[in-house]
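Worksheet for the structure shown next.
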4 protein chains.
Amino acid sequence: MSQTPSAPNETGLGTGRIMALADGVFAIVLTLLVLDLHAPAATTNAQLARQLKELLPPLLSFVVSFAVVGIFWYGHHMESHWIRRSDRVHLGITLALLLTICFVPFSAALLGRTQQLPVAASIYGVNLLVAGLVRYGHWVYATRGNRLVDAGIDPELVRHVRRVFLLVTVLYLLAITIAWLSTIVAIGCFAAIPVLYVIPARQTRHLTSLRPAS
Amino acid sequence: MSQTPSAPNETGLGTGRIMALADGVFAIVLTLLVLDLHAPAATTNAQLARQLKELLPPLLSFVVSFAVVGIFWYGHHMESHWIRRSDRVHLGITLALLLTICFVPFSAALLGRTQQLPVAASIYGVNLLVAGLVRYGHWVYATRGNRLVDAGIDPELVRHVRRVFLLVTVLYLLAITIAWLSTIVAIGCFAAIPVLYVIPARQTRHLTSLRPAS
Amino acid sequence: MSQTPSAPNETGLGTGRIMALADGVFAIVLTLLVLDLHAPAATTNAQLARQLKELLPPLLSFVVSFAVVGIFWYGHHMESHWIRRSDRVHLGITLALLLTICFVPFSAALLGRTQQLPVAASIYGVNLLVAGLVRYGHWVYATRGNRLVDAGIDPELVRHVRRVFLLVTVLYLLAITIAWLSTIVAIGCFAAIPVLYVIPARQTRHLTSLRPAS
Amino acid sequence: MSQTPSAPNETGLGTGRIMALADGVFAIVLTLLVLDLHAPAATTNAQLARQLKELLPPLLSFVVSFAVVGIFWYGHHMESHWIRRSDRVHLGITLALLLTICFVPFSAALLGRTQQLPVAASIYGVNLLVAGLVRYGHWVYATRGNRLVDAGIDPELVRHVRRVFLLVTVLYLLAITIAWLSTIVAIGCFAAIPVLYVIPARQTRHLTSLRPAS
């Protein structure tokens, strides 16, 4: 399941099963997103085409949310690469993160049905903002004094990931504000943020290449 | 998947795939809970706000149930840490535990829709009570005469976990009784019980830190 | 995930990921069964009690189907213990088995809604019968000439499992016939068959204790 | 989870958790397909039989889609056997592939409800075509200059898999064209393509037997 699950008998809880649960939750959330796209029943091609056109907003919400959740999974994957042990607080924060991820199918469905309304776009944004904040706390908790990570981890990497995670929450805050001016621009931001996050600046790429600090 | 899946050829059934199935079931139940939150379709912000307000009871049920199931997963995770082998009875008890967990999305939806009714809160509580009793039986079966656990396990840990698991069922019984006086207080109890369970008394914490008895 | 996933580079396909897919499918099917229990929305305890009473048939179908699918998972688990490699045909049979398992939520829902009708009980029975036959074929294919199993497997175990798997299909055939006399007795049979299957005769228990033949 | 998950500390990202996520997504998609088969509630056998007859088109769509997704899983399984490392682009392509797979329950439901309409059959075909193209890109990216695969991989195998993946997309393109003449023939093609793909020509079978090139 996980490439480097810590043995549980070293110190505290192992991380293997937590990652298994997290992978399961992420996989199911990714798949459930499509359930809000209800296939229409039509009798002519023209009628079907018209009905499918009405599905464009939820389809957009589906694709954006898939990217968002996929990138959150990637972030969790990257964090897990460095985290060697677990404890009760870490487990609690992880469950809180999964709670925010499990909420995405709801807020994505809301966005798909009422995407012209700033309230819907804001709820979607707040969901991602809270997920981002919990993730930030997750990383800070795990890395403070190398609590749960490798002793040999590069301090610059710790700071870099912290900065990226914080930047993402600021961007979500910005997108929520934009939602009250134009919801479609806000949705564009929600789609763009994960992409930005994947493409790190050239000078920091070496930090996130997941090579253990040697 | 599991940090210490026993090799199956030692004695009886291995535990790796049972934990894989359990992790899968827990992950799916956690994720399905949100399906009872139906995103409304509104045309104005005010209308949407009104409809969202009606979603508060199921939202509360969602968050409480997520915590409850998450903590049941944690309890199973902790037990599995000590269980080294499996047999047919253990497998049957595990399936019975998963049955009670799979029932939570139903009783959570019931609670979300009719949370003012003692019958709904009681059914929710009975579901958790039965899950707690099955879990208690699971631990007693596994540990009696070190049937499925490490020979070197600390007997005090065995007793401590047994006591905690029994205490939780007593608390659920209490919460069910309270439901007939006030359902909202009962729901508060359902939310509080998993939290209490995570924060053990200082003097027993060393017992549940998942270090193998040495 | 699996306790003894064969290394894929020995001969043909490894079995680790096939078991991962199978565990995932079984876990999801077990969990989806509850989705057919729709939580009612009531305003009084009496009304709720009345509505819950109407849920008894689907509830019965849920519990029986959970047991049936759980025991099919156990059978697959036991088979996998002995299967060391895979090939294209094995993969095709496994997918066919998963197809029949994935169909259970549908036939269970059908049984839950129209359990007084022999047609519904028969469809349910045929689903399980076909699943049983595919499983029988799965075992015969894997064990003929020790094609996919350990060379050291006890031939008596091979024959015993084959006999049990065949007996189960005969029992399902019998239950289907009974459904045309009394559907409730047939449902009782569907519930009893997995239980019988778990409790093997004392004299054969040593064969299925999952100890590798030494 | 995976039989040969690369250690993540060799070069770039490990592949274990990506495969875990992919296995999860494939398992859930396979299982969700049945959710579009709604069990009818009838009061007589004759009425039930009539209602079940109306379920034949979605049933056909379910079985065909199960085979299609199952074979896509197999293709991914086979690719993963050779892929030793991951990087950001690979991860992005994998998420794109999972996105197209997650879309199948929608297009399968559409096909099940309006299978006489060329628009529905075309959307289904375009979904599979895009999935096939992404998979082709996945393989080309991974194997170009042995970027993510074993250095010792047989170049003939690389070319063979590339050819098969490309051929499949051409066949889907053909099936989409046929859909405008006869949707039922097109559905037959959708069902036949995975089968063809499983049965490779005798002379190339040795290439795809998943033995590492020695």
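Labels for the structure tokens follow display order: chains A, B, ..., residues from 1 in each chain, ligands from 1.
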
Handout entry: Residue list for chain D near chain A as a PyMOL selection string, 6 Å, only C-alpha atoms
Key = chain D and resi 1+9+12+16-17+20-21+24-25+102+109-110+113-114+119

Exercise for the section: Give me the residues within 10 Å of B:Asn146 as number ranges by chain, counting only C-alpha atoms and dropping any in the same chain fewer than 5 places off. Expected result: B: 83-84, 140-141, 151-153, 155, 158

Practice task
Write out as number ranges by chain all residues of chain A that backbone DSSP assigns to helix (DSSP H, G or I).
Solution key: A: 16-36, 45-54, 56-82, 88-102, 104-113, 118-146, 155-179, 183-198, 202-208

Handout entry: Nearest candidate to D:Asp154 (options D:Trp82, D:Pro105, D:Tyr124, D:Thr177; using only C-alpha atoms)
Key =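 Closest residue, counting only C-alpha atoms: D:Trp82.
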
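You will find atom CA of A:Pro57 at 27.1 Å from atom CA of D:Trp180.
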
Selection near D:Gly137, 10 Å with only C-alpha atoms, sequence-local residues under 4 positions removed, as a PDB file with N, CA and C atoms, in the first residue's frame:
ATOM      1  N   HIS D  90       4.046  11.559 -15.018  1.00  0.00           N
ATOM      2  CA  HIS D  90       3.445  10.231 -14.961  1.00  0.00           C
ATOM      3  C   HIS D  90       2.221  10.227 -14.039  1.00  0.00           C
ATOM      4  N   ILE D  93      -0.631  11.958 -15.791  1.00  0.00           N
ATOM      5  CA  ILE D  93      -1.255  11.109 -16.821  1.00  0.00           C
ATOM      6  C   ILE D  93      -2.094  10.025 -16.151  1.00  0.00           C
ATOM      7  N   THR D  94      -1.577   9.457 -15.046  1.00  0.00           N
ATOM      8  CA  THR D  94      -2.327   8.408 -14.346  1.00  0.00           C
ATOM      9  C   THR D  94      -3.649   8.964 -13.808  1.00  0.00           C
ATOM     10  N   LEU D  97      -6.007   9.255 -16.622  1.00  0.00           N
ATOM     11  CA  LEU D  97      -6.566   7.941 -16.974  1.00  0.00           C
ATOM     12  C   LEU D  97      -7.681   7.564 -16.000  1.00  0.00           C
ATOM     13  N   ALA D 131      -9.951   7.322 -22.971  1.00  0.00           N
ATOM     14  CA  ALA D 131      -9.238   6.480 -22.002  1.00  0.00           C
ATOM     15  C   ALA D 131      -8.105   5.723 -22.701  1.00  0.00           C
ATOM     16  N   GLY D 132      -8.401   5.196 -23.890  1.00  0.00           N
ATOM     17  CA  GLY D 132      -7.386   4.457 -24.647  1.00  0.00           C
ATOM     18  C   GLY D 132      -6.227   5.350 -25.070  1.00  0.00           C
ATOM     19  N   LEU D 133      -6.547   6.582 -25.491  1.00  0.00           N
ATOM     20  CA  LEU D 133      -5.488   7.510 -25.907  1.00  0.00           C
ATOM     21  C   LEU D 133      -4.614   7.899 -24.724  1.00  0.00           C
ATOM     22  N   TYR D 141       5.035   7.694 -22.671  1.00  0.00           N
ATOM     23  CA  TYR D 141       5.809   8.531 -21.752  1.00  0.00           C
ATOM     24  C   TYR D 141       6.728   7.680 -20.877  1.00  0.00           C
ATOM     25  N   ALA D 142       6.185   6.574 -20.382  1.00  0.00           N
ATOM     26  CA  ALA D 142       6.960   5.754 -19.436  1.00  0.00           C
ATOM     27  C   ALA D 142       8.131   5.052 -20.109  1.00  0.00           C
ATOM     28  N   THR D 143       7.943   4.692 -21.383  1.00  0.00           N
ATOM     29  CA  THR D 143       8.952   3.844 -22.034  1.00  0.00           C
ATOM     30  C   THR D 143       9.949   4.618 -22.887  1.00  0.00           C
ATOM     31  N   ARG D 162       2.626  -0.844 -27.348  1.00  0.00           N
ATOM     32  CA  ARG D 162       2.253   0.430 -27.965  1.00  0.00           C
ATOM     33  C   ARG D 162       1.304   0.186 -29.142  1.00  0.00           C
ATOM     34  N   PHE D 165      -2.159  -0.939 -27.834  1.00  0.00           N
ATOM     35  CA  PHE D 165      -2.899   0.189 -27.263  1.00  0.00           C
ATOM     36  C   PHE D 165      -3.416   1.120 -28.369  1.00  0.00           C
ATOM     37  N   LEU D 166      -2.611   1.297 -29.419  1.00  0.00           N
ATOM     38  CA  LEU D 166      -3.026   2.162 -30.521  1.00  0.00           C
ATOM     39  C   LEU D 166      -4.146   1.497 -31.317  1.00  0.00           C
TER      40      LEU D 166
END

Exercise for the section: Point out the residue among C:Ala186, C:Ile101, C:Ser65, C:Ile178 with the least atom-to-atom distance to C:Val134, counting only C-alpha atoms. Expected result: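 Nearest to C:Val134: C:Ile101.
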
Handout entry: Atomic separation - atom CA of C:Ile187 relative to atom CA of C:Gln116, Å
Key =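 Going from atom CA of C:Gln116 over to atom CA of C:Ile187, I get 10.2 Å.
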
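Proximity ranking of C:Ala175, C:Leu56, C:Ala192, C:Ile18 relative to C:Leu98 places C:Ile18 first, based on only C-alpha atoms.
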